[in-house]
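For reference, entry-v4.txt is printed below; it contains compact mmCIF, C-alpha atoms.
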# COMPACT_ATOMS: atom_id res chain seq x y z
CA MET A 1 -10.15 -0.82 -30.18
CA ALA A 2 -10.57 -4.37 -31.48
CA ARG A 3 -14.07 -5.27 -32.71
CA GLY A 4 -14.48 -8.02 -30.11
CA ALA A 5 -13.36 -5.78 -27.28
CA LEU A 6 -15.67 -3.00 -28.46
CA ARG A 7 -18.58 -5.44 -28.59
CA LEU A 8 -17.74 -6.56 -25.05
CA ALA A 9 -17.54 -2.97 -23.84
CA LEU A 10 -20.90 -2.17 -25.44
CA CYS A 11 -22.48 -5.26 -23.87
CA LEU A 12 -21.13 -4.27 -20.48
CA ALA A 13 -22.42 -0.75 -20.97
CA VAL A 14 -25.88 -2.13 -21.67
CA ALA A 15 -25.59 -4.28 -18.56
CA LEU A 16 -24.68 -1.22 -16.56
CA CYS A 17 -27.65 0.64 -17.98
CA LEU A 18 -30.01 -2.20 -17.09
CA CYS A 19 -28.56 -2.24 -13.58
CA GLY A 20 -28.94 1.53 -13.26
CA GLY A 21 -25.18 1.91 -13.02
CA ALA A 22 -24.76 4.49 -15.81
CA ARG A 23 -26.86 7.41 -16.98
CA ASN A 24 -25.91 7.01 -20.57
CA ALA A 25 -24.44 3.63 -21.40
CA ALA A 26 -23.92 4.41 -25.08
CA ALA A 27 -21.95 7.56 -24.28
CA ALA A 28 -19.95 5.66 -21.68
CA ALA A 29 -19.05 3.00 -24.24
CA VAL A 30 -17.96 5.59 -26.78
CA ALA A 31 -15.93 7.39 -24.14
CA ALA A 32 -14.39 4.19 -22.81
CA GLU A 33 -10.65 4.70 -23.14
CA ARG A 34 -8.42 1.75 -23.75
CA LYS A 35 -5.86 1.47 -20.99
CA VAL A 36 -3.15 -1.16 -20.94
CA VAL A 37 -2.18 -2.67 -17.62
CA GLY A 38 1.13 -4.48 -17.73
CA VAL A 39 3.88 -6.05 -15.67
CA HIS A 40 7.24 -4.28 -15.82
CA GLU A 41 10.49 -5.81 -14.60
CA LEU A 42 13.56 -4.10 -13.21
CA ARG A 43 16.69 -6.23 -13.11
CA ARG A 44 20.09 -5.34 -11.72
CA GLY A 45 22.79 -7.88 -12.46
CA GLY A 46 21.88 -11.51 -12.15
CA ASP A 47 20.74 -11.58 -8.54
CA PHE A 48 18.31 -8.71 -7.88
CA SER A 49 15.00 -8.03 -9.61
CA ILE A 50 11.51 -6.71 -8.99
CA LYS A 51 8.24 -6.63 -10.90
CA VAL A 52 5.79 -3.74 -10.83
CA THR A 53 2.36 -3.33 -12.40
CA ASN A 54 0.67 -0.02 -13.15
CA TRP A 55 -2.49 -1.44 -11.59
CA GLY A 56 -2.28 0.36 -8.26
CA ALA A 57 1.45 1.06 -8.81
CA THR A 58 1.80 -2.34 -7.18
CA LEU A 59 5.05 -4.09 -6.28
CA MET A 60 4.44 -7.70 -7.35
CA SER A 61 7.77 -9.36 -6.56
CA VAL A 62 11.23 -8.83 -5.05
CA ILE A 63 13.65 -11.65 -5.85
CA LEU A 64 16.86 -11.99 -3.84
CA PRO A 65 19.45 -14.68 -3.06
CA ASP A 66 20.07 -16.03 0.41
CA SER A 67 23.45 -16.70 2.01
CA LYS A 68 23.76 -19.96 0.05
CA GLY A 69 22.81 -18.48 -3.31
CA ASN A 70 19.23 -19.75 -3.33
CA PHE A 71 16.70 -17.31 -4.78
CA ASP A 72 13.31 -16.45 -3.29
CA ASP A 73 10.58 -13.91 -3.84
CA VAL A 74 10.22 -12.15 -0.49
CA VAL A 75 6.94 -10.23 -0.95
CA LEU A 76 3.42 -11.64 -0.94
CA GLY A 77 1.11 -11.15 -3.90
CA TYR A 78 -0.40 -12.79 -6.98
CA ASP A 79 1.09 -14.29 -10.12
CA THR A 80 -0.89 -12.19 -12.61
CA VAL A 81 -2.37 -8.73 -12.86
CA ALA A 82 -5.81 -10.20 -13.42
CA GLU A 83 -5.76 -11.68 -9.92
CA TYR A 84 -5.45 -8.20 -8.43
CA VAL A 85 -8.51 -6.97 -10.32
CA VAL A 86 -12.05 -8.14 -9.61
CA ARG A 87 -15.55 -6.93 -10.43
CA THR A 88 -17.63 -5.37 -7.71
CA LYS A 89 -21.12 -6.44 -6.79
CA GLU A 90 -22.70 -3.45 -8.56
CA ALA A 91 -22.48 -5.07 -12.04
CA ALA A 92 -19.87 -5.89 -14.64
CA ILE A 93 -17.91 -2.68 -14.87
CA ILE A 94 -14.52 -3.67 -16.22
CA ALA A 95 -13.71 -5.78 -19.24
CA ILE A 96 -10.35 -7.53 -19.16
CA THR A 97 -8.91 -8.89 -22.38
CA GLY A 98 -5.47 -10.07 -23.39
CA SER A 99 -3.00 -12.61 -22.14
CA GLY A 100 0.47 -12.94 -20.73
CA SER A 101 1.76 -9.90 -18.89
CA LYS A 102 -0.54 -7.25 -20.38
CA PHE A 103 -4.27 -6.73 -20.06
CA ASN A 104 -6.53 -4.17 -21.69
CA LEU A 105 -8.98 -2.58 -19.28
CA PHE A 106 -12.04 -0.68 -20.44
CA PRO A 107 -13.50 1.43 -17.63
CA LEU A 108 -17.07 2.15 -18.69
CA VAL A 109 -17.48 5.12 -16.41
CA PRO A 110 -14.03 6.75 -16.66
CA HIS A 111 -12.39 7.66 -13.33
CA ARG A 112 -15.49 6.89 -11.29
CA VAL A 113 -15.93 3.13 -11.50
CA HIS A 114 -15.64 1.24 -8.24
CA VAL A 115 -13.06 -1.51 -8.32
CA ASN A 116 -11.57 -3.76 -5.72
CA VAL A 117 -8.37 -5.60 -5.01
CA GLN A 118 -8.58 -9.38 -4.93
CA ASN A 119 -9.63 -10.58 -1.49
CA GLY A 120 -10.81 -7.15 -0.48
CA THR A 121 -8.50 -5.50 1.99
CA ALA A 122 -5.10 -7.16 1.59
CA TYR A 123 -3.58 -4.31 -0.46
CA PHE A 124 -0.67 -6.58 -1.44
CA GLY A 125 2.19 -4.34 -2.59
CA GLY A 126 -0.08 -1.41 -3.41
CA LEU A 127 0.61 2.32 -3.36
CA ILE A 128 -1.85 3.71 -0.80
CA GLY A 129 -3.52 7.14 -1.00
CA ARG A 130 -4.84 9.80 -1.12
CA VAL A 131 -4.65 9.32 2.66
CA ALA A 132 -3.25 6.07 4.03
CA ASN A 133 -4.58 4.51 7.22
CA ARG A 134 -7.81 5.61 8.90
CA ILE A 135 -9.82 8.81 9.08
CA ALA A 136 -12.36 8.68 11.90
CA GLY A 137 -15.97 9.02 10.84
CA ALA A 138 -14.80 9.42 7.23
CA ARG A 139 -14.91 13.18 7.70
CA PHE A 140 -12.70 16.17 8.40
CA THR A 141 -12.80 19.97 8.26
CA LEU A 142 -10.29 21.99 6.26
CA ASP A 143 -10.21 25.78 6.05
CA GLY A 144 -13.68 25.94 7.58
CA LYS A 145 -15.29 23.51 5.13
CA ALA A 146 -16.51 20.05 6.16
CA TYR A 147 -15.71 17.09 3.89
CA ARG A 148 -17.33 13.67 3.91
CA LEU A 149 -15.36 10.72 2.55
CA TYR A 150 -16.26 7.26 1.27
CA ARG A 151 -16.74 4.91 4.22
CA ASN A 152 -15.05 1.55 3.64
CA ASP A 153 -14.01 0.51 7.16
CA GLY A 154 -17.15 0.61 9.25
CA ASN A 155 -17.84 4.31 9.77
CA ASN A 156 -14.29 5.25 8.84
CA SER A 157 -12.26 5.84 5.70
CA LEU A 158 -9.35 3.44 5.21
CA HIS A 159 -6.45 3.76 2.75
CA GLY A 160 -8.11 6.39 0.57
CA GLY A 161 -11.60 4.90 0.44
CA HIS A 162 -13.28 2.22 -1.63
CA ARG A 163 -11.23 3.18 -4.67
CA GLY A 164 -7.92 4.40 -3.36
CA PHE A 165 -4.70 4.72 -5.32
CA SER A 166 -3.97 0.99 -5.05
CA LYS A 167 -7.13 0.31 -7.09
CA VAL A 168 -6.65 2.59 -10.09
CA ILE A 169 -4.71 2.49 -13.34
CA TRP A 170 -1.47 4.46 -13.30
CA THR A 171 0.42 5.70 -16.36
CA VAL A 172 3.98 4.52 -16.95
CA LYS A 173 6.02 7.67 -17.61
CA GLU A 174 9.54 6.19 -17.72
CA HIS A 175 10.95 2.67 -17.61
CA VAL A 176 14.60 1.65 -17.73
CA ALA A 177 14.60 -2.12 -17.27
CA GLY A 178 18.30 -2.83 -16.78
CA GLY A 179 21.70 -1.36 -16.10
CA ASP A 180 23.29 -0.25 -12.87
CA SER A 181 20.23 1.66 -11.56
CA PRO A 182 17.08 0.52 -13.35
CA TYR A 183 13.87 2.36 -12.49
CA ILE A 184 10.23 2.88 -13.37
CA THR A 185 8.16 6.03 -12.78
CA LEU A 186 4.36 5.96 -12.71
CA TYR A 187 1.84 8.81 -12.62
CA TYR A 188 -1.75 9.21 -11.48
CA HIS A 189 -4.09 12.20 -11.60
CA SER A 190 -6.48 12.16 -8.65
CA PHE A 191 -9.45 14.34 -9.53
CA ASP A 192 -11.25 16.84 -7.31
CA GLY A 193 -13.86 15.00 -5.23
CA GLU A 194 -12.37 11.54 -5.71
CA GLN A 195 -13.56 9.48 -2.74
CA GLY A 196 -14.58 12.82 -1.19
CA PHE A 197 -11.15 14.48 -1.10
CA PRO A 198 -10.83 18.08 -2.32
CA GLY A 199 -8.74 19.31 -5.22
CA ASP A 200 -6.85 17.86 -8.16
CA LEU A 201 -3.66 16.06 -7.21
CA ASP A 202 -0.75 14.95 -9.40
CA VAL A 203 0.98 11.88 -7.95
CA TYR A 204 4.22 10.16 -8.98
CA VAL A 205 5.96 7.06 -7.67
CA THR A 206 9.37 5.76 -8.73
CA TYR A 207 10.80 2.32 -7.99
CA GLN A 208 14.58 2.10 -8.42
CA LEU A 209 17.25 -0.54 -7.84
CA SER A 210 20.74 0.58 -6.82
CA PRO A 211 23.99 -1.19 -5.93
CA PRO A 212 24.55 -3.43 -4.21
CA HIS A 213 20.99 -4.50 -3.30
CA VAL A 214 18.94 -1.39 -2.56
CA LEU A 215 15.30 -0.75 -3.46
CA THR A 216 14.11 2.86 -3.28
CA VAL A 217 10.44 3.82 -3.43
CA ARG A 218 10.10 7.54 -4.06
CA MET A 219 6.66 9.19 -3.84
CA ASN A 220 5.68 12.79 -4.47
CA ALA A 221 2.49 14.73 -5.04
CA THR A 222 1.49 18.27 -5.98
CA ALA A 223 -1.85 19.95 -5.29
CA ARG A 224 -3.03 21.86 -8.34
CA ASP A 225 -5.69 24.21 -7.03
CA MET A 226 -6.95 23.38 -3.52
CA ALA A 227 -5.57 22.41 -0.15
CA THR A 228 -5.96 18.70 0.56
CA PRO A 229 -4.68 16.07 2.99
CA VAL A 230 -2.02 13.77 1.52
CA ASN A 231 -0.48 10.76 3.24
CA LEU A 232 0.93 8.17 0.84
CA ALA A 233 2.20 4.78 1.98
CA HIS A 234 3.50 1.55 0.50
CA HIS A 235 1.83 -1.70 1.53
CA ALA A 236 4.33 -4.49 0.74
CA TYR A 237 4.04 -7.69 2.78
CA TRP A 238 7.52 -9.04 3.59
CA ASN A 239 8.74 -12.49 4.57
CA LEU A 240 12.51 -12.81 4.20
CA GLY A 241 12.26 -16.59 4.25
CA GLY A 242 10.23 -16.47 1.04
CA HIS A 243 6.72 -15.27 0.26
CA GLY A 244 5.14 -18.68 0.83
CA SER A 245 7.11 -19.77 3.88
CA GLY A 246 4.36 -18.75 6.27
CA PRO A 247 4.16 -17.87 9.96
CA ALA A 248 6.53 -20.63 11.07
CA VAL A 249 9.33 -18.76 9.30
CA LEU A 250 8.20 -15.19 9.88
CA LEU A 251 7.84 -15.60 13.62
CA ARG A 252 11.45 -16.74 13.95
CA GLU A 253 12.69 -13.55 12.27
CA THR A 254 14.10 -10.80 14.46
CA VAL A 255 12.57 -7.34 14.25
CA GLN A 256 13.79 -3.97 15.45
CA LEU A 257 11.88 -0.68 15.25
CA LEU A 258 13.72 2.56 15.94
CA ALA A 259 10.77 4.06 17.77
CA SER A 260 10.39 4.96 21.45
CA ARG A 261 6.71 5.99 21.25
CA TYR A 262 3.52 4.83 19.60
CA THR A 263 -0.03 6.13 19.15
CA PRO A 264 -2.38 4.08 21.35
CA VAL A 265 -5.92 3.44 20.16
CA ALA A 266 -9.16 3.71 22.08
CA ASP A 267 -10.68 0.61 20.51
CA ALA A 268 -8.85 -2.34 18.91
CA ALA A 269 -11.81 -2.84 16.58
CA THR A 270 -11.54 0.58 14.92
CA LEU A 271 -7.82 1.38 15.43
CA ILE A 272 -8.51 5.11 15.62
CA PRO A 273 -5.75 6.72 17.70
CA THR A 274 -6.28 8.83 20.75
CA ALA A 275 -4.48 12.16 20.78
CA ALA A 276 -1.71 10.69 22.93
CA LEU A 277 1.82 9.52 22.24
CA ALA A 278 2.73 6.75 24.68
CA PRO A 279 6.17 5.34 25.52
CA VAL A 280 6.83 1.77 24.40
CA ALA A 281 9.07 1.08 27.40
CA GLY A 282 7.72 -1.71 29.58
CA THR A 283 5.08 -2.77 27.04
CA PRO A 284 4.89 -5.50 24.37
CA TYR A 285 5.19 -2.70 21.81
CA ASP A 286 8.84 -2.18 22.72
CA LEU A 287 10.85 -3.32 19.69
CA ARG A 288 13.78 -0.95 20.12
CA ALA A 289 16.20 -3.87 20.45
CA PRO A 290 16.16 -6.80 18.00
CA VAL A 291 13.73 -9.43 19.26
CA PRO A 292 12.25 -12.63 17.78
CA LEU A 293 8.87 -11.57 16.43
CA GLY A 294 7.10 -14.70 17.67
CA ALA A 295 8.06 -14.12 21.29
CA ARG A 296 7.01 -10.48 21.25
CA LEU A 297 3.75 -11.26 19.45
CA ALA A 298 2.93 -13.92 22.05
CA ARG A 299 3.53 -11.39 24.82
CA LEU A 300 1.22 -8.88 23.11
CA LEU A 301 -1.57 -11.42 22.70
CA ARG A 302 -1.27 -12.56 26.32
CA ARG A 303 -1.69 -9.01 27.52
CA ASP A 304 -4.18 -7.54 25.05
CA GLY A 305 -5.74 -10.45 23.18
CA GLY A 306 -8.77 -10.34 25.45
CA ASP A 307 -9.38 -6.75 24.33
CA GLY A 308 -9.62 -7.71 20.69
CA VAL A 309 -5.98 -7.20 19.70
CA ALA A 310 -5.17 -9.79 17.01
CA GLY A 311 -1.54 -8.84 16.49
CA PHE A 312 0.53 -5.79 15.68
CA ASP A 313 -1.32 -3.14 13.68
CA THR A 314 0.30 -0.18 15.33
CA ASN A 315 1.57 3.25 14.36
CA TYR A 316 4.97 4.03 15.84
CA ALA A 317 6.53 7.50 16.04
CA VAL A 318 9.94 7.07 14.43
CA ASP A 319 12.78 8.39 16.58
CA GLY A 320 14.14 11.67 15.25
CA GLY A 321 10.91 12.42 13.41
CA ALA A 322 10.05 15.75 15.01
CA ALA A 323 6.55 17.09 14.45
CA GLY A 324 6.24 18.45 10.95
CA SER A 325 9.68 17.20 9.96
CA SER A 326 9.91 14.79 7.04
CA SER A 327 12.90 16.08 5.13
CA SER A 328 15.69 13.65 6.01
CA LEU A 329 16.06 9.90 5.88
CA ARG A 330 16.17 8.13 9.23
CA PRO A 331 16.59 4.47 10.15
CA VAL A 332 13.15 2.97 10.77
CA ALA A 333 13.40 -0.81 11.05
CA ARG A 334 15.63 -3.85 10.72
CA VAL A 335 14.43 -7.38 10.00
CA ARG A 336 16.60 -10.50 9.80
CA ASP A 337 15.94 -14.14 8.99
CA GLY A 338 18.71 -16.21 10.55
CA ALA A 339 18.08 -19.37 8.53
CA THR A 340 18.51 -17.71 5.13
CA GLY A 341 20.87 -14.96 6.24
CA ARG A 342 18.68 -12.34 4.58
CA ALA A 343 18.33 -9.00 6.32
CA MET A 344 16.42 -5.85 5.43
CA GLU A 345 17.03 -2.36 6.76
CA LEU A 346 14.44 0.36 6.10
CA TRP A 347 15.17 4.08 6.02
CA ALA A 348 12.48 6.69 5.43
CA ASP A 349 11.62 10.35 5.96
CA GLN A 350 8.13 10.15 7.51
CA PRO A 351 7.20 10.68 11.17
CA GLY A 352 5.44 7.32 11.58
CA VAL A 353 5.49 3.68 10.56
CA GLN A 354 2.57 1.26 10.73
CA PHE A 355 3.86 -2.13 11.85
CA TYR A 356 1.40 -4.84 10.80
CA THR A 357 1.66 -8.63 11.18
CA ALA A 358 -0.89 -9.62 8.52
CA ASN A 359 -3.61 -10.24 11.08
CA GLY A 360 -6.25 -9.89 8.37
CA LEU A 361 -5.09 -12.98 6.48
CA ALA A 362 -6.92 -15.26 8.92
CA GLY A 363 -8.52 -18.09 6.95
CA GLY A 364 -5.87 -18.04 4.25
CA VAL A 365 -5.48 -16.24 0.92
CA ARG A 366 -4.20 -18.10 -2.14
CA GLY A 367 -1.28 -16.26 -3.67
CA LYS A 368 1.71 -16.77 -5.95
CA GLY A 369 2.54 -20.30 -7.01
CA GLY A 370 -0.49 -21.67 -5.18
CA SER A 371 0.88 -20.62 -1.79
CA VAL A 372 -1.72 -20.04 0.90
CA TYR A 373 -0.93 -16.90 2.88
CA GLU A 374 -1.94 -17.04 6.53
CA ARG A 375 -2.20 -14.72 9.50
CA TYR A 376 1.29 -13.81 10.78
CA GLY A 377 2.80 -15.06 7.52
CA ALA A 378 4.25 -11.64 6.65
CA LEU A 379 4.90 -8.21 8.08
CA CYS A 380 4.29 -4.72 6.72
CA LEU A 381 6.35 -1.62 7.46
CA GLU A 382 4.26 1.26 6.15
CA THR A 383 6.06 4.55 6.71
CA GLN A 384 3.48 7.32 6.89
CA GLY A 385 2.04 10.33 8.65
CA PHE A 386 0.06 9.53 11.77
CA PRO A 387 -3.41 7.97 11.38
CA ASP A 388 -6.37 10.37 11.52
CA ALA A 389 -4.01 13.35 11.59
CA VAL A 390 -6.63 15.54 9.88
CA ASN A 391 -8.68 15.29 13.07
CA HIS A 392 -5.77 15.66 15.53
CA PRO A 393 -4.18 19.13 15.47
CA GLY A 394 -1.35 17.88 17.68
CA PHE A 395 -0.17 15.34 15.09
CA PRO A 396 2.19 16.31 12.23
CA SER A 397 0.11 18.03 9.56
CA GLN A 398 -0.76 16.23 6.33
CA ILE A 399 -2.28 19.26 4.59
CA LEU A 400 -0.75 20.01 1.20
CA ARG A 401 -1.48 23.41 -0.33
CA PRO A 402 -1.15 24.55 -3.96
CA GLY A 403 2.48 25.16 -4.81
CA GLN A 404 3.74 22.75 -2.16
CA VAL A 405 5.23 19.35 -2.96
CA TYR A 406 4.64 16.28 -0.83
CA LYS A 407 7.67 13.95 -0.69
CA HIS A 408 8.03 10.50 0.81
CA ASP A 409 11.09 8.30 0.29
CA MET A 410 11.61 4.71 1.45
CA VAL A 411 14.97 2.96 1.09
CA PHE A 412 15.20 -0.81 1.61
CA LYS A 413 18.75 -2.13 2.01
CA PHE A 414 19.12 -5.91 1.67
CA THR A 415 22.03 -8.09 2.76
CA PHE A 416 22.48 -11.86 2.85
Would you give me this structure, written as structure tokens?
Amino acid sequence: MARGALRLALCLAVALCLCGGARNAAAAAVAAERKVVGVHELRRGGDFSIKVTNWGATLMSVILPDSKGNFDDVVLGYDTVAEYVVRTKEAAIIAITGSGSKFNLFPLVPHRVHVNVQNGTAYFGGLIGRVANRIAGARFTLDGKAYRLYRNDGNNSLHGGHRGFSKVIWTVKEHVAGGDSPYITLYYHSFDGEQGFPGDLDVYVTYQLSPPHVLTVRMNATARDMATPVNLAHHAYWNLGGHGSGPAVLLRETVQLLASRYTPVADAATLIPTAALAPVAGTPYDLRAPVPLGARLARLLRRDGGDGVAGFDTNYAVDGGAAGSSSSLRPVARVRDGATGRAMELWADQPGVQFYTANGLAGGVRGKGGSVYERYGALCLETQGFPDAVNHPGFPSQILRPGQVYKHDMVFKFTF
């Protein structure tokens, strides 16, 4: 550890001690392990590339041509790793040094510091876990034992808690930057009790590019010693017209979801599902045929806007996803931007998909290249198990037991 960085870590440890944030600041400083957070590129040929950081196993960019050969980045996010990482209000708990594409992070309380993603709850491109989406009351019972989780969404747990998998440092295990099928594999050990979840969990995610223009996100997890709920998801924000093109472009795109049912919620403010599965037929949630997103969103707001619905933030039951079945890839969604000719088809093996129209970006968030991201300026397609499944026995189970392997594959096929 460089002398300047060590001095900074020691100063921060003292600050933590003064703030009551560490029992033994000196020991924390000595134990502070240098961890490098970097940006890693995968490039296939001259017209398809992505960037990934091991901060949150986050997808930072996806660059593709359009029908005229013009290139755009089609996912929202930030230019640098540092913009994804901020200090919390508790005190200075992370020192960031370095420049360019790599930053050295010194967590002063290893594994248990609280960190946040820039602008709070956007989760741009992050890998979500241990349990994606919401758990009502931030509690559940498993094998007769009650567990209480970190509350970070009112009284509920959202996307793994205050410090979910999108807010931790992953380890790069393999990285092949070029060739016909470049890939990167990242690993994270989630410890017993992290954010309230039981048991140690080993988690891997692989991003891979394949011909002609296919992005695969492959997630798996293994429980070491205790049963635990697991529901991983990927939180990319897509706009096929370009990340900064905004709602005017997104709302002209056509969207199709291969889902005949959805999980209605009792309250639009909490988004906790009832135990029901409702048909989409005859409702604004019916996206089974390609439809301009703007028209369908307007219909939804006319019907439900008075009840607090701000846009789509809805879990759909993917057709063919029988309860408990997540072993085979199925078509989930198709999105097309007519002006650029870009289209995206998503296949996955999970029973549900959360369709989200970036309702939370109201007020604007400054992103890559100075772009201001606005509400309805992107869409998310988060394949997943059903929300709050740990409290709904009728939903597909998310309980992973020792010796079992959780698997979740997403395949994005791009054309232009």
Practice prompt. For each of A:Arg401, A:Val390, A:Pro212, A:Lys173, take the minimum atom-to-atom distance to Phe140 (chain A), counting all atoms listed in the file, then give the residue where this is smallest.
Written response: A:Val390
Where does region 198-247 of chain A meet region 340-343 of chain A within 10 Å, residue by residue, with the nearest atom pair and distance in Å to one decimal for each, counting all atoms listed in the file, listed by chain and rising number, as CSV?
residue,atom,partner,partner_atom,distance
A:Asn239,CA,A:Arg342,CA,9.9
A:Leu240,CA,A:Arg342,CA,6.2
A:Gly241,CA,A:Thr340,CA,6.4
A:Gly242,CA,A:Thr340,CA,9.3
Practice prompt. Name the residues in contact with region 195-208 of chain A at a cut-off of 6 Å, using all atoms listed in the file, excluding same-chain residues fewer than 4 positions from it; report them as an MDAnalysis selection string.
Written response: chainID A and resid 148:150 161 182:191 215:224 226 228
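Reported to one decimal place, the separation of CA of Thr314 (chain A) from CA of Val265 (chain A) is 8.7 Å.
Put simply, CA of Asp73 (chain A) is 28.4 Å away from CA of Arg130 (chain A).
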Worksheet entry | Minimum-distance residue to Leu258 (chain A), chosen among A:Gly282, A:Gly320, A:Gly294, A:Gly369 (using all atoms listed in the file) |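 So, comparing all the options, the nearest one is A:Gly320.
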Practice prompt. Rounded to one decimal place, report the CA of Glu253 (chain A)-CA of Pro292 (chain A) distance in Å.
Written response: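 So the answer is 5.6 Å.
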Fill in: Residue nearest Thr58 (chain A) - candidates A:His235, A:Arg252, A:Arg330, A:Arg43, atoms counted: only C-alpha atoms
A:His235
Worksheet item: Which of these, A:Asn391, A:Val62, A:Gly38, A:Glu194, has the shortest distance to Ala138 (chain A) once you count only C-alpha atoms?
Response: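 Result for the nearest residue to Ala138 (chain A): A:Asn391.
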For Ala358 (chain A): contacts at 8 Å, all atoms listed in the file, fewer than 2 positions along chain excluded, given as a PDB file with C-alpha atoms, keeping the file's coordinate frame:
ATOM      1  CA  TYR A 237       4.040  -7.690   2.780  1.00  0.00           C
ATOM      2  CA  TYR A 356       1.400  -4.840  10.800  1.00  0.00           C
ATOM      3  CA  GLY A 360      -6.250  -9.890   8.370  1.00  0.00           C
ATOM      4  CA  LEU A 361      -5.090 -12.980   6.480  1.00  0.00           C
ATOM      5  CA  GLU A 374      -1.940 -17.040   6.530  1.00  0.00           C
ATOM      6  CA  ARG A 375      -2.200 -14.720   9.500  1.00  0.00           C
ATOM      7  CA  TYR A 376       1.290 -13.810  10.780  1.00  0.00           C
ATOM      8  CA  GLY A 377       2.800 -15.060   7.520  1.00  0.00           C
ATOM      9  CA  ALA A 378       4.250 -11.640   6.650  1.00  0.00           C
ATOM     10  CA  LEU A 379       4.900  -8.210   8.080  1.00  0.00           C
ATOM     11  CA  CYS A 380       4.290  -4.720   6.720  1.00  0.00           C
TER      12      CYS A 380
END
First collect every listed atom of region 242-245 of chain A; then fit an axis-aligned box around them, widen it by 5 Å on each side, and give centre and edge lengths in Å to one decimal, as AutoDock Vina command-line options.
--center_x 7.7 --center_y -17.5 --center_z 2.1 --size_x 15.1 --size_y 14.5 --size_z 13.6
Worksheet item: Of the candidates A:Arg334, A:Arg366, A:Arg139, A:His234, which shows the shortest atom-to-atom distance to Trp347 (chain A), using all atoms listed in the file?
Response: A:Arg334
Discussion item. Ranking A:Lys167, A:Lys145, A:Arg151, A:Arg44 by minimum distance to Ile128 (chain A) and counting only C-alpha atoms, which one comes first?
Written reply: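 Answer, going by the shortest atom-to-atom distance: A:Lys167.
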Fill in: Exercise: Gly246 (chain A) partners within 7 Å, all atoms listed in the file, chain neighbours under 2 positions left out, as a ChimeraX atom specification
/A:244,248-250,373-374,377
Practice prompt. Within 7 Å of Phe48 (chain A), counting all atoms listed in the file, which residues show up once you throw out same-chain ones fewer than 5 positions away? Write them as an MDAnalysis selection string, please.
Written response: chainID A and resid 43 63:64 213
Discussion item. Quick one: residues within 6 Å of Gly160 (chain A), all atoms listed in the file, excluding same-chain residues fewer than 5 positions away - as JSON, numbers by chain?
Written reply: {"A": [129, 130, 131, 132]}
